[in-house]
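J.: Pasting in a structure now, in structure tokens, and then I'll have a few things to ask.
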Amino acid sequence: MEGDGVMGDPRAVAVVRAALEEDIDTGDATTRALVDPQIEATAVLLTREPCRVAGVGVGQTAFLCVDASLRIETLRPDGHAAAAGDVLMTLRGRAASILTAERTALNFMQRLCGIATLTARFVEAVKPYGTLILDTRKTTPNLRLFEKYAVTCGGGVNHRFGLYDRVLIKDNHRRLWLGGDPDRLDLAVAAARKAYPALAVEVEVESEAECVSALRGKPEWIMLDNMDCGLMRTCVALCRGKAKTEASGGITLDRAREVAATGVDAISLGCLTHSAPAVDLSLEWSWD
């Protein structure tokens, strides 16, 4: 199958099957009532607005789970730009099968294209500075595989995938750190390093003093949370050669270039996955 993308992961296939079951349940009543199951047709799946493509393999999987005999051709692969009116894929086979899978396939693809498109806009905004655009864990439950994949289709980079693959010490952790001094972030880094020596350690800081304290512990990353650009520049200078820096906290597209100019290595953005508008996609019959 062309454009597999994230669908090489069996967990992703299971999610698509569950989505189809949610929609179809005991059967597609309208299609069964009105459409001859043996009629064959050709359909095109197109975008009605400019976008960055993501989720072609997810859409294909939805169609093929309903009917493995459908013949699908990808015209705009994941990661490519598409203009309004561009056809992303064509489908040939039983018309009833295409109708039954249509909404599930489009639901996945319109969301993933939206995430990729928003990510690409941020990537373009910071391009002169080489700043990484990172996602977060602010994803739709059970759709993280897809949404983080869509970020990469837009040119972004995945931050930690879950709670298990990086230590990220935030203010709420420090307040509950038993026996620990919340102002001695270096000791928190040491405690995390001892417990999970194979994982990178990142510390969230909100002031210059916290940055200095965290750096004494030699973490891999310092997260500069909700800072103005002046303070951010100060902390970036302190971290240079010692730890990588990540700006975080309500950074908008209008402000991204200004933040990147401070010299941070990366900007993390929850909006990529929790607020990206869906792209307007449509499936139409082709009578050519």
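In the structure tokens, each chain is lettered A, B, ... as it comes, each chain's residues begin at 1, and ligands are numbered from 1 in order of appearance.
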Residues near A:Thr47, anyone? I mean within 12 Å using only C-alpha atoms, not counting same-chain ones fewer than 3 positions away, as a VMD selection string.
T.: chain A and resid 44 50 to 54 75 to 76 81 to 89 106 109 to 110 113 to 114 278 to 284
J.: Neighbours of stretch 186-203 of chain A within 12 Å (only C-alpha atoms; same-chain residues fewer than 3 positions away dropped), as a ChimeraX atom specification?
T.: /A:159-160,163-183,206-207,209-225,243-248
J.: Mind checking which residues fall within 10 Å of A:Leu64, counting only C-alpha atoms, ignoring those fewer than 4 positions away in the same chain, and posting them as a list in words?
T.: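 Answer for this query is Met1, Val58, Gly59, Gln60, Ala68, Ser69, Leu70, Arg71, Ile72, Ser97, Ile98 and Ala101 of chain A.
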J.: Those residues with C-alpha atoms, as a short mmCIF file (atom, residue, chain, number, x, y, z; two decimals), in the first residue's frame please?
T.:
data_model
loop_
_atom_site.label_atom_id
_atom_site.label_comp_id
_atom_site.auth_asym_id
_atom_site.auth_seq_id
_atom_site.Cartn_x
_atom_site.Cartn_y
_atom_site.Cartn_z
CA MET A 1 0.00 0.00 0.00
CA VAL A 58 -4.66 6.19 7.43
CA GLY A 59 -7.37 6.99 4.91
CA GLN A 60 -6.32 4.11 2.70
CA ALA A 68 -9.74 -5.05 0.59
CA SER A 69 -10.52 -5.26 -3.14
CA LEU A 70 -10.62 -1.47 -3.59
CA ARG A 71 -7.88 -0.12 -5.84
CA ILE A 72 -6.31 3.04 -4.45
CA SER A 97 -17.72 0.16 0.08
CA ILE A 98 -16.35 3.59 -0.74
CA ALA A 101 -15.70 4.07 4.63
#
J.: Please report, as a PyMOL selection string, each residue of stretch 188-272 of chain A to which DSSP assigns helix (DSSP H, G or I) when run on this structure's backbone.
T.: chain A and resi 188-195+208-215+229-239+253-260+271-272
J.: If you run DSSP over the backbone, which residues in stretch 97-225 of chain A end up strand (DSSP E or B)? Put them as number ranges by chain.
T.: A: 132-134, 157, 167-169, 201-205, 221-225
J.: For C-alpha atoms, I'd like the residues from the last selection saved as a compact mmCIF listing (two decimals), in the first residue's frame.
T.:
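The new file selection-v6.txt reads:
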# COMPACT_ATOMS: atom_id res chain seq x y z
CA LEU A 132 13.02 23.13 15.94
CA ILE A 133 9.24 23.10 16.17
CA LEU A 134 8.18 20.50 18.74
CA VAL A 157 9.82 17.20 15.45
CA VAL A 167 12.11 12.94 32.48
CA LEU A 168 10.45 16.37 32.45
CA ILE A 169 10.58 18.08 35.84
CA VAL A 201 16.32 14.99 31.74
CA GLU A 202 14.57 18.30 31.12
CA VAL A 203 13.72 20.95 33.71
CA GLU A 204 11.06 23.63 33.43
CA VAL A 205 12.21 27.01 34.74
CA TRP A 221 17.29 20.38 28.24
CA ILE A 222 16.02 23.49 29.98
CA MET A 223 12.41 24.49 29.28
CA LEU A 224 11.94 28.27 29.39
CA ASP A 225 8.31 28.52 30.39
J.: Would you list the contacts of stretch 116-123 of chain A as a PyMOL selection string, taking every protein, DNA or RNA residue within 10 Å and counting only C-alpha atoms, but skipping same-chain residues closer than 2 positions in sequence?
T.: chain A and resi 50-55+78-81+111-114+125-128+130-135+147-157+252-257+267+269+271-273+275-279
J.: Grab the residues selected above and save them as an mmCIF file, in the first residue's frame with C-alpha atoms.
T.:
data_model
loop_
_atom_site.group_PDB
_atom_site.id
_atom_site.type_symbol
_atom_site.label_atom_id
_atom_site.label_comp_id
_atom_site.auth_asym_id
_atom_site.auth_seq_id
_atom_site.Cartn_x
_atom_site.Cartn_y
_atom_site.Cartn_z
ATOM 1 C CA PRO A 50 -4.227 24.646 0.337
ATOM 2 C CA CYS A 51 -2.686 22.272 2.849
ATOM 3 C CA ARG A 52 0.196 20.055 3.851
ATOM 4 C CA VAL A 53 -0.839 16.448 3.298
ATOM 5 C CA ALA A 54 -0.860 13.940 6.159
ATOM 6 C CA GLY A 55 -2.721 10.714 6.832
ATOM 7 C CA ASP A 78 2.211 12.652 3.069
ATOM 8 C CA GLY A 79 4.447 15.656 3.641
ATOM 9 C CA HIS A 80 3.733 17.221 0.249
ATOM 10 C CA ALA A 81 2.024 20.544 -0.309
ATOM 11 C CA ARG A 111 -7.570 16.390 11.136
ATOM 12 C CA LEU A 112 -4.098 15.127 10.263
ATOM 13 C CA CYS A 113 -3.796 17.471 7.282
ATOM 14 C CA GLY A 114 -4.816 20.321 9.588
ATOM 15 C CA ALA A 125 8.109 31.226 10.408
ATOM 16 C CA VAL A 126 11.272 30.162 12.272
ATOM 17 C CA LYS A 127 13.196 28.876 9.256
ATOM 18 C CA PRO A 128 15.803 31.707 9.263
ATOM 19 C CA GLY A 130 16.919 26.845 12.358
ATOM 20 C CA THR A 131 14.721 26.487 15.449
ATOM 21 C CA LEU A 132 13.016 23.131 15.945
ATOM 22 C CA ILE A 133 9.240 23.100 16.171
ATOM 23 C CA LEU A 134 8.185 20.499 18.745
ATOM 24 C CA ASP A 135 4.819 19.016 19.597
ATOM 25 C CA GLU A 147 -1.268 13.377 15.510
ATOM 26 C CA LYS A 148 2.448 13.233 16.265
ATOM 27 C CA TYR A 149 3.011 11.640 12.857
ATOM 28 C CA ALA A 150 1.132 14.539 11.256
ATOM 29 C CA VAL A 151 3.480 16.978 13.006
ATOM 30 C CA THR A 152 6.436 15.320 11.262
ATOM 31 C CA CYS A 153 4.596 15.597 7.920
ATOM 32 C CA GLY A 154 4.562 19.353 8.507
ATOM 33 C CA GLY A 155 8.288 19.466 9.188
ATOM 34 C CA GLY A 156 8.034 19.453 12.981
ATOM 35 C CA VAL A 157 9.815 17.196 15.454
ATOM 36 C CA THR A 252 1.463 32.097 18.759
ATOM 37 C CA LEU A 253 2.340 32.041 15.081
ATOM 38 C CA ASP A 254 2.698 35.841 15.134
ATOM 39 C CA ARG A 255 5.241 35.600 17.946
ATOM 40 C CA ALA A 256 7.170 32.518 16.814
ATOM 41 C CA ARG A 257 9.822 34.390 14.798
ATOM 42 C CA ILE A 267 9.788 25.907 20.519
ATOM 43 C CA LEU A 269 3.533 24.091 20.914
ATOM 44 C CA CYS A 271 -1.664 24.183 19.668
ATOM 45 C CA LEU A 272 -0.254 21.992 16.894
ATOM 46 C CA THR A 273 -2.358 19.082 18.081
ATOM 47 C CA SER A 275 -6.120 23.575 18.127
ATOM 48 C CA ALA A 276 -5.243 22.933 14.485
ATOM 49 C CA PRO A 277 -8.288 23.598 12.255
ATOM 50 C CA ALA A 278 -9.336 20.670 10.096
ATOM 51 C CA VAL A 279 -8.648 20.927 6.374
#
J.: A:Arg11: which residues within 12 Å, counting only C-alpha atoms, same-chain residues fewer than 5 positions away excluded, as a PDB file with N, CA and C atoms, in the first residue's frame?
T.:
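Printed below is part.pdb as written:
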ATOM      1  N   VAL A   6       2.315   6.154   9.256  1.00  0.00           N
ATOM      2  CA  VAL A   6       2.155   5.635  10.616  1.00  0.00           C
ATOM      3  C   VAL A   6       1.502   4.257  10.653  1.00  0.00           C
ATOM      4  N   VAL A  16      -8.031   2.514  13.722  1.00  0.00           N
ATOM      5  CA  VAL A  16      -8.860   2.718  12.534  1.00  0.00           C
ATOM      6  C   VAL A  16     -10.034   1.742  12.530  1.00  0.00           C
ATOM      7  N   ARG A  17      -9.774   0.498  12.868  1.00  0.00           N
ATOM      8  CA  ARG A  17     -10.856  -0.491  12.909  1.00  0.00           C
ATOM      9  C   ARG A  17     -11.910  -0.112  13.952  1.00  0.00           C
ATOM     10  N   ALA A  18     -11.451   0.394  15.093  1.00  0.00           N
ATOM     11  CA  ALA A  18     -12.395   0.807  16.136  1.00  0.00           C
ATOM     12  C   ALA A  18     -13.242   1.984  15.668  1.00  0.00           C
ATOM     13  N   VAL A  58      -3.562   6.415   6.500  1.00  0.00           N
ATOM     14  CA  VAL A  58      -4.662   6.193   7.435  1.00  0.00           C
ATOM     15  C   VAL A  58      -5.978   6.107   6.666  1.00  0.00           C
ATOM     16  N   ASN A 142      -5.902   8.436  22.493  1.00  0.00           N
ATOM     17  CA  ASN A 142      -5.867   7.310  21.554  1.00  0.00           C
ATOM     18  C   ASN A 142      -5.510   7.709  20.123  1.00  0.00           C
ATOM     19  N   LEU A 143      -5.271   9.003  19.866  1.00  0.00           N
ATOM     20  CA  LEU A 143      -4.885   9.420  18.519  1.00  0.00           C
ATOM     21  C   LEU A 143      -3.456   9.971  18.480  1.00  0.00           C
ATOM     22  N   ARG A 144      -2.706   9.792  19.547  1.00  0.00           N
ATOM     23  CA  ARG A 144      -1.363  10.386  19.610  1.00  0.00           C
ATOM     24  C   ARG A 144      -0.457   9.900  18.483  1.00  0.00           C
ATOM     25  N   LEU A 145      -0.506   8.603  18.169  1.00  0.00           N
ATOM     26  CA  LEU A 145       0.305   8.071  17.068  1.00  0.00           C
ATOM     27  C   LEU A 145       0.081   8.871  15.790  1.00  0.00           C
ATOM     28  N   PHE A 146      -1.181   9.122  15.477  1.00  0.00           N
ATOM     29  CA  PHE A 146      -1.537   9.808  14.244  1.00  0.00           C
ATOM     30  C   PHE A 146      -1.153  11.286  14.307  1.00  0.00           C
TER      31      PHE A 146
END
J.: Would you work out the distance separating atom CA of A:Arg92 from atom CA of A:Val66, expressed in Å to one decimal?
T.: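 Spanning atom CA of A:Arg92 to atom CA of A:Val66 is a straight-line distance of 13.4 Å.
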J.: When you look at A:Asp228 with a cut-off of 9 Å (counting only C-alpha atoms), what residues show up, excluding the ones that are within fewer than 4 positions of it in the same chain? I need them as a list in words.
T.: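 The neighbour list is Met232, Arg233 and Val259 of chain A.
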J.: Between A:Ala62, A:Lys242, A:Leu20, A:Thr74, which has the minimum distance to A:Leu91 (counting only C-alpha atoms)?
T.: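 Answer, going by the shortest atom-to-atom distance: A:Thr74.
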J.: Please compute the atom CA of A:Ile115-atom CA of A:Thr139 distance, one decimal, in Å.
T.: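 If I compute the distance from atom CA of A:Ile115 to atom CA of A:Thr139, I get 10.8 Å.
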J.: Grab the atom CA of A:Glu73 to atom CA of A:Pro37 distance for me, in Å with one decimal place.
T.: 21.9 Å
J.: Here is a test: counting only C-alpha atoms, which residue of A:Glu124, A:Glu208, A:Glu49, A:Asp23 is nearest to A:Ala105?
T.: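 Using only C-alpha atoms, A:Ala105 sits closest to A:Asp23.
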J.: Which of these, A:Glu258, A:Val56, A:Ile251, A:Phe161, has the shortest distance to A:Asn107 once you count only C-alpha atoms?
T.: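 Closest residue, counting only C-alpha atoms: A:Val56.
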